[in-house]
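Just upload25.cif here, mmCIF, C-alpha atoms:
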data_protein
loop_
_atom_site.label_atom_id
_atom_site.label_comp_id
_atom_site.auth_asym_id
_atom_site.auth_seq_id
_atom_site.Cartn_x
_atom_site.Cartn_y
_atom_site.Cartn_z
CA MET A 1 -23.57 -9.25 7.52
CA SER A 2 -22.01 -8.16 10.81
CA LYS A 3 -21.51 -4.51 11.49
CA ILE A 4 -17.84 -3.64 11.18
CA ARG A 5 -16.92 -0.05 12.01
CA LYS A 6 -13.67 1.46 10.78
CA LEU A 7 -12.13 4.91 11.07
CA ILE A 8 -10.31 6.36 8.06
CA PRO A 9 -8.38 9.65 7.94
CA CYS A 10 -9.19 11.82 4.93
CA ILE A 11 -7.16 14.00 2.59
CA TYR A 12 -9.19 16.54 0.63
CA LEU A 13 -7.15 17.29 -2.49
CA TYR A 14 -7.60 20.69 -4.13
CA ASP A 15 -5.12 22.34 -6.52
CA GLU A 16 -2.52 19.70 -5.50
CA LYS A 17 -2.81 20.75 -1.85
CA ALA A 18 -4.56 19.27 1.16
CA VAL A 19 -7.45 21.51 2.20
CA LYS A 20 -9.88 21.54 5.12
CA GLY A 21 -12.94 20.16 3.35
CA VAL A 22 -15.39 20.13 0.46
CA SER A 23 -16.82 23.57 1.21
CA ASP A 24 -13.78 25.03 2.99
CA LYS A 25 -10.70 25.24 0.77
CA THR A 26 -8.43 26.54 3.52
CA VAL A 27 -5.00 24.99 2.88
CA LEU A 28 -3.92 22.65 5.66
CA CYS A 29 -0.82 21.31 3.97
CA ASP A 30 0.96 22.44 0.79
CA ASP A 31 2.31 18.94 0.25
CA PRO A 32 -0.25 16.15 0.82
CA LEU A 33 2.61 13.63 0.86
CA GLU A 34 3.61 15.02 4.25
CA LEU A 35 0.20 14.01 5.59
CA VAL A 36 0.65 10.56 4.08
CA LYS A 37 3.92 10.27 5.97
CA ILE A 38 2.14 11.15 9.22
CA TYR A 39 -0.55 8.56 8.59
CA ASN A 40 2.06 5.93 7.76
CA GLU A 41 3.71 6.62 11.10
CA LYS A 42 0.35 6.36 12.84
CA GLY A 43 -0.10 2.90 11.36
CA VAL A 44 -3.54 3.53 9.88
CA ASN A 45 -5.13 0.88 7.66
CA SER A 46 -6.48 3.17 4.94
CA ILE A 47 -6.55 6.75 3.71
CA PHE A 48 -9.64 8.30 2.15
CA LEU A 49 -8.63 10.62 -0.72
CA TYR A 50 -11.23 13.08 -1.99
CA ASP A 51 -10.49 14.80 -5.32
CA LEU A 52 -12.05 18.29 -5.38
CA SER A 53 -11.00 19.17 -8.95
CA ARG A 54 -14.52 18.87 -10.31
CA GLY A 55 -15.40 21.88 -12.46
CA MET A 56 -11.78 23.06 -12.66
CA GLY A 57 -11.10 21.66 -16.14
CA ASP A 58 -9.20 18.73 -17.62
CA GLU A 59 -5.73 20.07 -16.82
CA ALA A 60 -6.52 20.43 -13.12
CA HIS A 61 -8.05 16.96 -13.10
CA GLU A 62 -4.94 15.42 -14.67
CA LYS A 63 -2.73 17.17 -12.12
CA ALA A 64 -4.95 15.82 -9.36
CA LEU A 65 -4.58 12.31 -10.76
CA ASP A 66 -0.78 12.72 -10.79
CA MET A 67 -0.88 13.71 -7.12
CA ILE A 68 -3.22 10.81 -6.34
CA LYS A 69 -0.72 8.45 -8.00
CA ALA A 70 2.10 9.87 -5.85
CA ILE A 71 -0.01 9.50 -2.70
CA CYS A 72 -0.89 5.89 -3.53
CA LYS A 73 2.78 5.04 -4.04
CA LYS A 74 3.78 6.59 -0.72
CA ALA A 75 0.91 5.28 1.40
CA ASP A 76 1.56 2.08 3.36
CA GLY A 77 -2.13 1.26 3.64
CA ASN A 78 -4.97 1.21 1.13
CA VAL A 79 -6.07 4.41 -0.56
CA ILE A 80 -9.79 4.85 -1.21
CA GLY A 81 -10.36 7.35 -4.01
CA ALA A 82 -13.44 9.53 -4.45
CA GLY A 83 -14.64 12.77 -6.02
CA ASN A 84 -14.95 14.07 -9.59
CA ILE A 85 -16.73 10.93 -10.78
CA LYS A 86 -19.09 11.54 -13.67
CA ARG A 87 -18.90 8.17 -15.38
CA MET A 88 -17.25 4.77 -15.23
CA GLU A 89 -14.10 6.13 -16.93
CA ASP A 90 -13.46 8.34 -13.90
CA VAL A 91 -13.60 5.29 -11.64
CA LYS A 92 -11.09 3.62 -13.93
CA LYS A 93 -8.74 6.62 -13.73
CA LEU A 94 -8.73 6.47 -9.93
CA LEU A 95 -7.99 2.75 -9.95
CA TYR A 96 -5.28 3.19 -12.57
CA ALA A 97 -3.73 5.94 -10.44
CA GLY A 98 -3.29 3.35 -7.68
CA CYS A 99 -6.41 3.56 -5.51
CA SER A 100 -7.32 0.15 -4.13
CA LYS A 101 -11.00 1.09 -3.90
CA VAL A 102 -13.25 3.84 -5.26
CA ALA A 103 -16.19 5.35 -3.38
CA VAL A 104 -19.18 6.71 -5.32
CA ASN A 105 -21.38 9.38 -3.75
CA LEU A 106 -25.05 8.49 -3.30
CA SER A 107 -25.79 12.23 -3.24
CA GLU A 108 -24.64 12.64 -6.86
CA GLN A 109 -26.98 11.28 -9.53
CA SER A 110 -24.16 10.93 -12.08
CA GLU A 111 -22.21 8.78 -9.65
CA ILE A 112 -25.22 6.61 -8.87
CA GLU A 113 -25.69 6.09 -12.62
CA SER A 114 -22.05 4.97 -12.96
CA LEU A 115 -22.32 2.51 -10.08
CA ALA A 116 -23.58 -0.58 -11.88
CA GLU A 117 -21.20 -0.27 -14.84
CA SER A 118 -18.18 0.38 -12.58
CA SER A 119 -19.03 -2.54 -10.32
CA GLU A 120 -19.55 -4.96 -13.19
CA LYS A 121 -16.30 -3.93 -14.88
CA PHE A 122 -13.99 -3.82 -11.86
CA GLY A 123 -15.82 -6.03 -9.34
CA LYS A 124 -18.02 -4.95 -6.44
CA GLU A 125 -15.12 -5.46 -4.01
CA LYS A 126 -13.51 -2.39 -5.61
CA ILE A 127 -16.54 -0.16 -5.11
CA TYR A 128 -17.71 1.60 -1.94
CA ALA A 129 -20.64 4.00 -1.49
CA ILE A 130 -20.62 7.37 0.29
CA PHE A 131 -23.82 8.09 2.21
CA SER A 132 -25.00 11.01 4.31
CA ASP A 133 -27.74 9.33 6.37
CA ASP A 134 -29.61 6.06 6.79
CA ALA A 135 -32.55 7.22 4.71
CA GLN A 136 -30.35 7.88 1.72
CA THR A 137 -28.76 4.45 1.89
CA LYS A 138 -32.06 2.68 2.41
CA ALA A 139 -33.42 4.49 -0.66
CA ASN A 140 -30.56 2.97 -2.66
CA LYS A 141 -30.44 -0.30 -0.73
CA GLU A 142 -30.73 -2.56 -3.77
CA LEU A 143 -27.91 -0.77 -5.59
CA VAL A 144 -25.71 -0.71 -2.50
CA GLU A 145 -26.11 -4.42 -1.78
CA LYS A 146 -25.68 -5.48 -5.39
CA TYR A 147 -22.81 -3.26 -6.47
CA THR A 148 -20.78 -2.22 -3.39
CA THR A 149 -19.05 -3.88 -0.44
CA GLU A 150 -18.72 -1.05 2.06
CA LEU A 151 -20.26 2.27 3.08
CA ILE A 152 -18.39 5.52 3.73
CA TYR A 153 -19.86 8.00 6.19
CA PHE A 154 -18.69 11.45 7.31
CA PRO A 155 -19.62 11.85 11.01
CA LYS A 156 -20.10 15.32 12.47
CA SER A 157 -18.59 14.32 15.81
CA VAL A 158 -17.32 11.36 17.81
CA LYS A 159 -20.84 10.87 19.23
CA ASP A 160 -22.17 10.58 15.69
CA LEU A 161 -20.02 7.54 14.91
CA ALA A 162 -22.28 4.82 16.21
CA SER A 163 -25.63 6.35 15.22
CA SER A 164 -26.25 4.36 12.03
CA ASP A 165 -28.24 1.14 12.31
CA ILE A 166 -27.50 -0.10 8.78
CA ASP A 167 -26.36 -3.72 8.77
CA PHE A 168 -23.34 -3.13 6.53
CA THR A 169 -19.59 -2.59 6.86
CA ILE A 170 -19.13 1.14 7.47
CA SER A 171 -16.01 3.29 7.36
CA TYR A 172 -16.24 6.61 9.18
CA VAL A 173 -14.08 9.32 7.64
CA ILE A 174 -12.11 11.54 10.02
CA ASP A 175 -11.48 14.86 8.32
CA ASP A 176 -9.69 16.90 10.96
CA TYR A 177 -6.30 15.24 10.54
CA GLU A 178 -3.46 14.00 12.66
CA LYS A 179 -4.35 15.18 16.17
CA SER A 180 -7.80 13.73 15.94
CA LEU A 181 -6.44 10.26 15.19
CA ASP A 182 -5.31 9.96 18.78
CA GLU A 183 -8.35 11.86 20.07
CA TYR A 184 -10.77 9.58 18.25
CA LYS A 185 -8.91 6.50 19.42
CA LYS A 186 -9.11 7.58 23.06
CA ALA A 187 -12.76 8.57 22.73
CA LEU A 188 -13.79 5.22 21.32
CA ASP A 189 -13.96 2.58 23.99
CA ASN A 190 -15.44 0.11 21.53
CA ASP A 191 -13.84 -3.08 20.22
CA ASN A 192 -15.95 -2.89 17.07
CA PHE A 193 -14.01 0.11 15.81
CA GLU A 194 -10.74 -0.28 13.95
CA LEU A 195 -8.22 2.50 13.40
CA PHE A 196 -4.79 0.99 13.69
CA ALA A 197 -3.71 -2.10 11.85
CA LEU A 198 -2.89 -4.37 14.76
CA LYS A 199 -5.22 -6.51 16.81
CA GLY A 200 -3.36 -9.32 18.52
CA ALA A 201 -4.85 -12.78 18.06
CA LEU A 202 -2.47 -13.98 20.77
CA SER A 203 -2.06 -12.37 24.17
CA TRP A 204 1.31 -12.23 25.90
CA ASP A 205 0.19 -15.10 28.12
CA ASP A 206 -0.31 -17.28 25.02
CA LEU A 207 3.39 -17.04 24.15
CA LYS A 208 6.15 -19.20 25.64
CA LYS A 209 8.96 -17.18 27.21
CA ASN A 210 12.65 -17.94 27.55
CA SER A 211 14.45 -18.13 30.88
CA ASP A 212 14.55 -14.31 31.04
CA GLY A 213 10.80 -14.07 30.59
CA MET A 214 11.15 -12.72 27.04
CA VAL A 215 10.39 -13.83 23.49
CA PRO A 216 12.94 -13.52 20.63
CA VAL A 217 11.78 -11.61 17.55
CA ILE A 218 13.13 -12.20 14.05
CA VAL A 219 12.58 -9.12 11.90
CA GLN A 220 12.32 -9.14 8.12
CA ASP A 221 11.60 -6.64 5.35
CA TYR A 222 7.95 -7.03 4.30
CA LYS A 223 8.71 -6.54 0.61
CA THR A 224 11.85 -8.58 0.11
CA ASP A 225 11.68 -10.99 3.09
CA GLN A 226 15.30 -10.06 3.86
CA VAL A 227 16.15 -10.83 7.49
CA LEU A 228 17.07 -7.54 9.18
CA MET A 229 17.77 -8.23 12.84
CA LEU A 230 17.05 -10.25 15.98
CA ALA A 231 15.73 -8.64 19.16
CA TYR A 232 13.67 -9.49 22.25
CA MET A 233 10.31 -8.47 23.65
CA ASN A 234 8.95 -8.48 27.16
CA GLU A 235 5.25 -8.07 27.88
CA GLU A 236 5.34 -4.27 27.83
CA ALA A 237 7.22 -4.21 24.51
CA TYR A 238 4.77 -6.70 22.99
CA ASN A 239 1.71 -4.71 24.02
CA LYS A 240 3.31 -1.41 22.99
CA THR A 241 4.03 -2.81 19.53
CA LEU A 242 0.40 -3.83 19.10
CA GLU A 243 -0.82 -0.47 20.39
CA THR A 244 1.40 1.80 18.28
CA GLY A 245 2.24 -0.23 15.20
CA LYS A 246 5.94 0.53 15.77
CA MET A 247 8.31 -2.29 16.64
CA THR A 248 9.19 -2.00 20.31
CA TYR A 249 11.69 -4.23 22.09
CA PHE A 250 13.33 -4.70 25.46
CA SER A 251 17.02 -3.80 25.47
CA ARG A 252 18.84 -6.36 27.59
CA SER A 253 22.05 -4.31 27.61
CA ARG A 254 20.29 -1.11 28.76
CA ASN A 255 17.60 -2.93 30.75
CA GLU A 256 14.85 -0.71 29.33
CA LEU A 257 12.09 -0.50 26.76
CA TRP A 258 13.38 0.32 23.29
CA ILE A 259 11.28 1.76 20.47
CA LYS A 260 13.27 1.01 17.34
CA GLY A 261 14.08 4.32 15.64
CA GLU A 262 13.28 6.55 18.60
CA THR A 263 16.73 8.15 18.50
CA SER A 264 17.78 7.38 14.90
CA SER A 265 14.36 7.86 13.22
CA HIS A 266 14.95 4.43 11.63
CA TYR A 267 11.55 3.19 12.70
CA GLN A 268 10.13 -0.21 11.89
CA PHE A 269 6.42 -0.09 11.08
CA VAL A 270 4.63 -3.38 11.59
CA LYS A 271 3.04 -5.09 8.62
CA ALA A 272 2.43 -8.47 10.24
CA LEU A 273 3.37 -10.50 13.30
CA TYR A 274 3.52 -14.30 13.40
CA ALA A 275 4.28 -16.83 16.11
CA ASP A 276 6.06 -20.07 15.26
CA CYS A 277 4.60 -23.53 15.86
CA ASP A 278 5.73 -23.60 19.51
CA LYS A 279 4.72 -19.97 20.10
CA ASP A 280 8.15 -19.24 21.53
CA THR A 281 9.45 -17.03 18.69
CA ILE A 282 7.91 -14.08 16.83
CA LEU A 283 8.44 -13.29 13.17
CA ALA A 284 7.86 -9.60 12.42
CA SER A 285 7.28 -8.38 8.87
CA VAL A 286 8.07 -4.65 8.84
CA LYS A 287 8.56 -1.58 6.75
CA GLN A 288 12.09 -0.49 7.63
CA ILE A 289 12.90 3.21 7.57
CA GLY A 290 16.60 3.75 6.96
CA ALA A 291 18.93 1.05 8.25
CA ALA A 292 18.08 -1.71 10.70
CA CYS A 293 21.65 -2.14 11.96
CA HIS A 294 23.44 0.35 14.22
CA THR A 295 26.47 0.06 11.88
CA GLY A 296 24.49 1.71 9.09
CA SER A 297 23.96 -1.54 7.21
CA TYR A 298 20.40 -2.18 6.09
CA SER A 299 20.52 -5.64 7.69
CA CYS A 300 22.48 -6.79 10.71
CA PHE A 301 23.35 -10.02 8.86
CA PHE A 302 26.29 -9.10 6.64
CA ASN A 303 29.26 -11.01 8.09
CA GLU A 304 29.70 -13.94 5.72
CA ILE A 305 30.88 -17.10 7.46
CA ALA A 306 30.69 -19.70 4.70
CA LYS A 307 29.14 -19.92 1.26
CA THR A 308 28.84 -22.41 -1.58
CA ASP A 309 28.49 -21.57 -5.26
CA TYR A 310 24.85 -21.59 -6.24
CA ASP A 311 22.54 -20.10 -8.80
CA LYS A 312 20.15 -17.52 -7.45
CA LYS A 313 16.63 -18.89 -7.56
CA ASN A 314 14.68 -16.07 -5.92
CA PRO A 315 12.66 -14.66 -8.86
CA GLN A 316 12.45 -11.19 -7.38
CA LYS A 317 16.19 -10.93 -6.84
CA VAL A 318 16.96 -12.16 -10.36
CA LEU A 319 14.48 -9.76 -11.97
CA ASP A 320 15.69 -6.88 -9.81
CA GLU A 321 19.32 -7.49 -10.72
CA VAL A 322 18.63 -7.73 -14.46
CA PHE A 323 16.46 -4.61 -14.30
CA ASP A 324 19.18 -2.75 -12.39
CA VAL A 325 21.65 -3.54 -15.18
CA ILE A 326 19.17 -2.32 -17.80
CA LYS A 327 18.57 0.93 -15.91
CA ASP A 328 22.33 1.42 -15.50
CA ARG A 329 22.85 1.01 -19.25
CA LYS A 330 20.35 3.81 -19.83
CA VAL A 331 22.32 6.18 -17.58
CA ASN A 332 25.82 4.83 -18.33
CA PRO A 333 25.89 3.58 -21.94
CA ARG A 334 28.34 0.83 -22.82
CA GLN A 335 29.70 0.44 -26.33
CA GLY A 336 28.42 -2.67 -28.09
CA SER A 337 25.57 -3.13 -25.61
CA TYR A 338 22.37 -4.45 -27.20
CA THR A 339 20.41 -2.70 -24.45
CA ASN A 340 21.95 0.62 -25.43
CA TYR A 341 21.20 -0.14 -29.08
CA LEU A 342 17.51 -0.38 -28.16
CA PHE A 343 17.57 2.82 -26.10
CA ASP A 344 19.36 4.65 -28.94
CA LYS A 345 16.77 3.50 -31.49
CA GLY A 346 13.97 4.76 -29.27
CA ILE A 347 10.48 3.77 -28.23
CA ASP A 348 9.27 2.54 -31.64
CA LYS A 349 12.10 0.00 -31.87
CA ILE A 350 11.53 -1.15 -28.29
CA LEU A 351 7.80 -1.60 -28.91
CA LYS A 352 8.51 -3.50 -32.13
CA LYS A 353 10.75 -5.93 -30.25
CA VAL A 354 8.19 -6.38 -27.45
CA GLY A 355 5.55 -7.21 -30.05
CA GLU A 356 7.87 -9.64 -31.87
CA GLU A 357 8.78 -11.43 -28.64
CA ALA A 358 5.11 -11.70 -27.64
CA THR A 359 4.41 -13.36 -30.99
CA GLU A 360 7.33 -15.73 -30.46
CA ILE A 361 5.76 -16.82 -27.15
CA VAL A 362 2.51 -17.64 -28.94
CA ILE A 363 4.37 -19.71 -31.55
CA ALA A 364 6.48 -21.50 -28.93
CA ALA A 365 3.38 -22.35 -26.89
CA LYS A 366 2.06 -24.39 -29.83
CA ASN A 367 5.16 -26.59 -29.82
CA PRO A 368 5.54 -29.57 -27.43
CA ASN A 369 9.00 -28.60 -26.12
CA ASP A 370 8.79 -26.53 -22.92
CA ASN A 371 12.36 -25.30 -23.31
CA GLU A 372 11.40 -23.14 -26.26
CA ILE A 373 8.64 -21.28 -24.44
CA VAL A 374 10.89 -20.70 -21.42
CA TYR A 375 13.50 -19.17 -23.74
CA GLU A 376 10.96 -16.96 -25.52
CA MET A 377 9.35 -15.84 -22.27
CA SER A 378 12.79 -14.86 -20.98
CA ASP A 379 13.38 -12.83 -24.14
CA PHE A 380 10.02 -11.16 -23.72
CA LEU A 381 10.67 -10.30 -20.06
CA TYR A 382 14.01 -8.74 -20.98
CA HIS A 383 12.48 -6.54 -23.68
CA MET A 384 9.58 -5.71 -21.38
CA MET A 385 12.08 -4.49 -18.77
CA VAL A 386 13.77 -2.31 -21.41
CA LEU A 387 10.34 -0.82 -22.08
CA MET A 388 9.78 -0.36 -18.33
CA ALA A 389 13.08 1.50 -18.04
CA GLU A 390 12.23 3.65 -21.07
CA LYS A 391 8.85 4.58 -19.56
CA ASN A 392 10.19 4.89 -15.98
CA VAL A 393 7.99 2.06 -14.69
CA SER A 394 9.37 0.04 -11.77
CA TRP A 395 8.74 -3.54 -10.65
CA GLU A 396 7.17 -2.03 -7.55
CA ASP A 397 4.65 -0.20 -9.76
CA ILE A 398 3.75 -3.53 -11.37
CA THR A 399 3.58 -5.56 -8.16
CA ASP A 400 1.59 -2.84 -6.40
CA GLU A 401 -0.98 -2.96 -9.19
CA LEU A 402 -1.11 -6.78 -9.14
CA SER A 403 -1.55 -6.83 -5.36
CA ARG A 404 -4.60 -4.57 -5.68
CA ARG A 405 -6.36 -6.97 -8.05
#
In C-alpha cells, write the structure found in this file.
Amino acid sequence: MSKIRKLIPCIYLYDEKAVKGVSDKTVLCDDPLELVKIYNEKGVNSIFLYDLSRGMGDEAHEKALDMIKAICKKADGNVIGAGNIKRMEDVKKLLYAGCSKVAVNLSEQSEIESLAESSEKFGKEKIYAIFSDDAQTKANKELVEKYTTELIYFPKSVKDLASSDIDFTISYVIDDYEKSLDEYKKALDNDNFELFALKGALSWDDLKKNSDGMVPVIVQDYKTDQVLMLAYMNEEAYNKTLETGKMTYFSRSRNELWIKGETSSHYQFVKALYADCDKDTILASVKQIGAACHTGSYSCFFNEIAKTDYDKKNPQKVLDEVFDVIKDRKVNPRQGSYTNYLFDKGIDKILKKVGEEATEIVIAAKNPNDNEIVYEMSDFLYHMMVLMAEKNVSWEDITDELSRR
C-alpha cells in the first residue's frame, strides 16, 4: 500500500461548543457550525470531529450527537467521527448521526475491543484507527490491517508530519483551526500531502483555447445538475480555481480576474471539474452560495424561448415536487385533502398505511404484471413521503445517508 498523507482540520466538541483540545476545554467557538462554514470555504476534503462528552452522562452524549448530526449536514466534505466509543453501538450512533467514517482510538482498550465487531458490521472502509506513535500501531498491526482502512495521527508540529514510517494511508489532524490551514499548506512543500480537494489531472497547456486564449466554462449545481451560468477562464483563473477551490474566471468586460462571489458573497465552491472530449470546454460542478445570476435568479438561464409539452422524467424533480406539495399540505391544510386526513389522524395512521402499502408491494411482486408493482410502489413512496414530512426528514437526509454507504 502506498503512503498517502492527508491533513484534516479537527473540531473538538464539548458541551455543544468547539474547544481547544482533549485536555484543554477552553472555548474557541460557541457555535461549531461557524467553524464548519470556514472549512467549507477553505475547500477541505474532510473534518475530524472529536466528541468529548465521555463521562458527562447520557443527556450530554445525546446533545453531542444532535450537534454532530447538524455538523454532518452542514459540512461539504466527509466528517470523521471519534470519541466516547465504548462499544459497537457507539460507532453505530456516530454513523447514524451522519459521519462517513468513525475512528477508534488504539489508546483505549474498550475501543480496541469494539474494533472487530464494528468493522464486520459496517465494513472496514467505514473504520479508521487513531494512533499516537509507530510502536502503538505496530503492536496492533494485525487488527489495523484487518479491520481498518486508514490511520489518524495527531502531530505535535509541522515537522512531526512526515515522521511515521508506517506503510499505510495516514491522515494528520490539525487541531489549531483556520489560520493553520494556510500555514500548514505553505509549510508543506510535498506533493504527497493533500489538504484541499483539487488536484488538476490536466494542466492549462493540455486544454484547447478559443481565439481569445480562453476556455469556456459551463457551471452546474452539484446536487441538482441545474445549469447555472457560462463564463470563461484564462490560465491564471484556471490555476487559481485549482488552488483555492473557489470558481475563478476572467471577466472579458472588465478585463480582469474575477472570483465569483468576491463582492456578492455568492461564492461557487468546486465539487468537480471535467473537460469535454475535445478538451476545449470545462464543466464545473459547484456548490452555489446564494444566486448565480447578477439579476438575483439562482440560474442565469430563465428566459424561455420555446417549449413543447412533455412529462417530467427527472426522478429527483418529480419526487421533490410531490414532496413539496405534501409539506405544504401540512402547513396549509386543504379541505378534502387525503394528505391532510393522514396528518390529522396522526403518526399511528400514517405508519399503518406505510405498512399496508409495503405489504401490497410484496403481493404485487408475486404477480406477473409489472404495472401492478409500479402502482403499488408509487403508493408506498407517497405514504413514505407523508411519513417523512411528519418526522421532518428530507430527501437530502435520505440521499446523504445513501451516498455514505
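Residue nearest Gly290 of chain A within the list A:Leu94, A:Leu228, A:Val19, A:Met385: A:Leu228 [criterion: smallest interatomic distance, only C-alpha atoms].
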Could you check which residues have any atom within 12 Å of (-10.0, 16.4, -13.9), counting all atoms listed in the file with coordinates taken straight from the file, and then list them as a ChimeraX atom specification?
/A:13-16,51-68,83-86,89-91,93-94
May I have the residues within 10 Å of Ile112 of chain A as a PDB file with C-alpha atoms, in the frame of the given file, using all atoms listed in the file and disregarding those fewer than 4 positions away in the same chain?
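Generated output (part_26.pdb):
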ATOM      1  CA  ILE A  85     -16.730  10.930 -10.780  1.00  0.00           C
ATOM      2  CA  LYS A  86     -19.090  11.540 -13.670  1.00  0.00           C
ATOM      3  CA  ARG A  87     -18.900   8.170 -15.380  1.00  0.00           C
ATOM      4  CA  VAL A 104     -19.180   6.710  -5.320  1.00  0.00           C
ATOM      5  CA  ASN A 105     -21.380   9.380  -3.750  1.00  0.00           C
ATOM      6  CA  LEU A 106     -25.050   8.490  -3.300  1.00  0.00           C
ATOM      7  CA  SER A 107     -25.790  12.230  -3.240  1.00  0.00           C
ATOM      8  CA  GLU A 108     -24.640  12.640  -6.860  1.00  0.00           C
ATOM      9  CA  ALA A 116     -23.580  -0.580 -11.880  1.00  0.00           C
ATOM     10  CA  GLU A 117     -21.200  -0.270 -14.840  1.00  0.00           C
ATOM     11  CA  ALA A 129     -20.640   4.000  -1.490  1.00  0.00           C
ATOM     12  CA  ASN A 140     -30.560   2.970  -2.660  1.00  0.00           C
ATOM     13  CA  LEU A 143     -27.910  -0.770  -5.590  1.00  0.00           C
ATOM     14  CA  VAL A 144     -25.710  -0.710  -2.500  1.00  0.00           C
TER      15      VAL A 144
END
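When only C-alpha atoms are used to compute distances to Asn210 of chain A, the closest of the residues A:Thr281, A:Asn314, A:Thr241, A:Ser264 turns out to be A:Thr281.
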Find, counting all atoms listed in the file, the residue in A:Phe269, A:Val227, A:Ser337, A:Pro216 that gets nearest to Ile282 of chain A.
A:Pro216
Rounded to one decimal place, report the atom CA of Lys317 of chain A-atom CA of Tyr382 of chain A distance in Å.
14.5 Å
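Rounded to one decimal, atom CA of Leu33 of chain A and atom CA of Val173 of chain A lie 18.5 Å from each other.
Omitting Ile347 of chain A and its sequence neighbours fewer than 3 positions away, and counting all atoms listed in the file, the residues within 10 Å are Leu342, Phe343, Asp344, Ile350, Leu351, Lys352, Lys353, Val386, Leu387, Glu390 and Lys391 of chain A.
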Selection dump of the PyMOL selection byres ((chain A and resi 119) around 12), as a count of residues only
34
Quick one: residues within 10 Å of Tyr222 of chain A, only C-alpha atoms counted, chain neighbours fewer than 5 positions away excluded, as a short mmCIF file (atom, residue, chain, number, x, y, z; two decimals) with C-alpha atoms, in the coordinates of the input?
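The resulting around-v8.cif:
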data_model
loop_
_atom_site.label_atom_id
_atom_site.label_comp_id
_atom_site.auth_asym_id
_atom_site.auth_seq_id
_atom_site.Cartn_x
_atom_site.Cartn_y
_atom_site.Cartn_z
CA VAL A 227 16.15 -10.83 7.49
CA PHE A 269 6.42 -0.09 11.08
CA VAL A 270 4.63 -3.38 11.59
CA LYS A 271 3.04 -5.09 8.62
CA ALA A 272 2.43 -8.47 10.24
CA ALA A 284 7.86 -9.60 12.42
CA SER A 285 7.28 -8.38 8.87
CA VAL A 286 8.07 -4.65 8.84
CA LYS A 287 8.56 -1.58 6.75
CA GLN A 288 12.09 -0.49 7.63
#
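Distance check against Leu95 of chain A using all atoms listed in the file: of A:Asn239, A:Glu356, A:Cys72, A:Glu396, the minimum falls on A:Cys72.
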Excluding same-chain residues fewer than 2 positions from Asp278 of chain A, what lies within 9 Å of it counting all atoms listed in the file, as a ChimeraX atom specification?
/A:207-208,275-276,280-281
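In this structure, atom CA of Tyr96 of chain A sits 11.0 Å away from atom CA of Asp400 of chain A.
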Edge lengths and centre in Å to one decimal, as JSON, of the axis-aligned box that encloses all listed atoms of segment 252-267 of chain A with 6 Å added on every side?
{"center_x": 16.7, "center_y": 0.9, "center_z": 21.2, "size_x": 22.8, "size_y": 26.5, "size_z": 31.1}
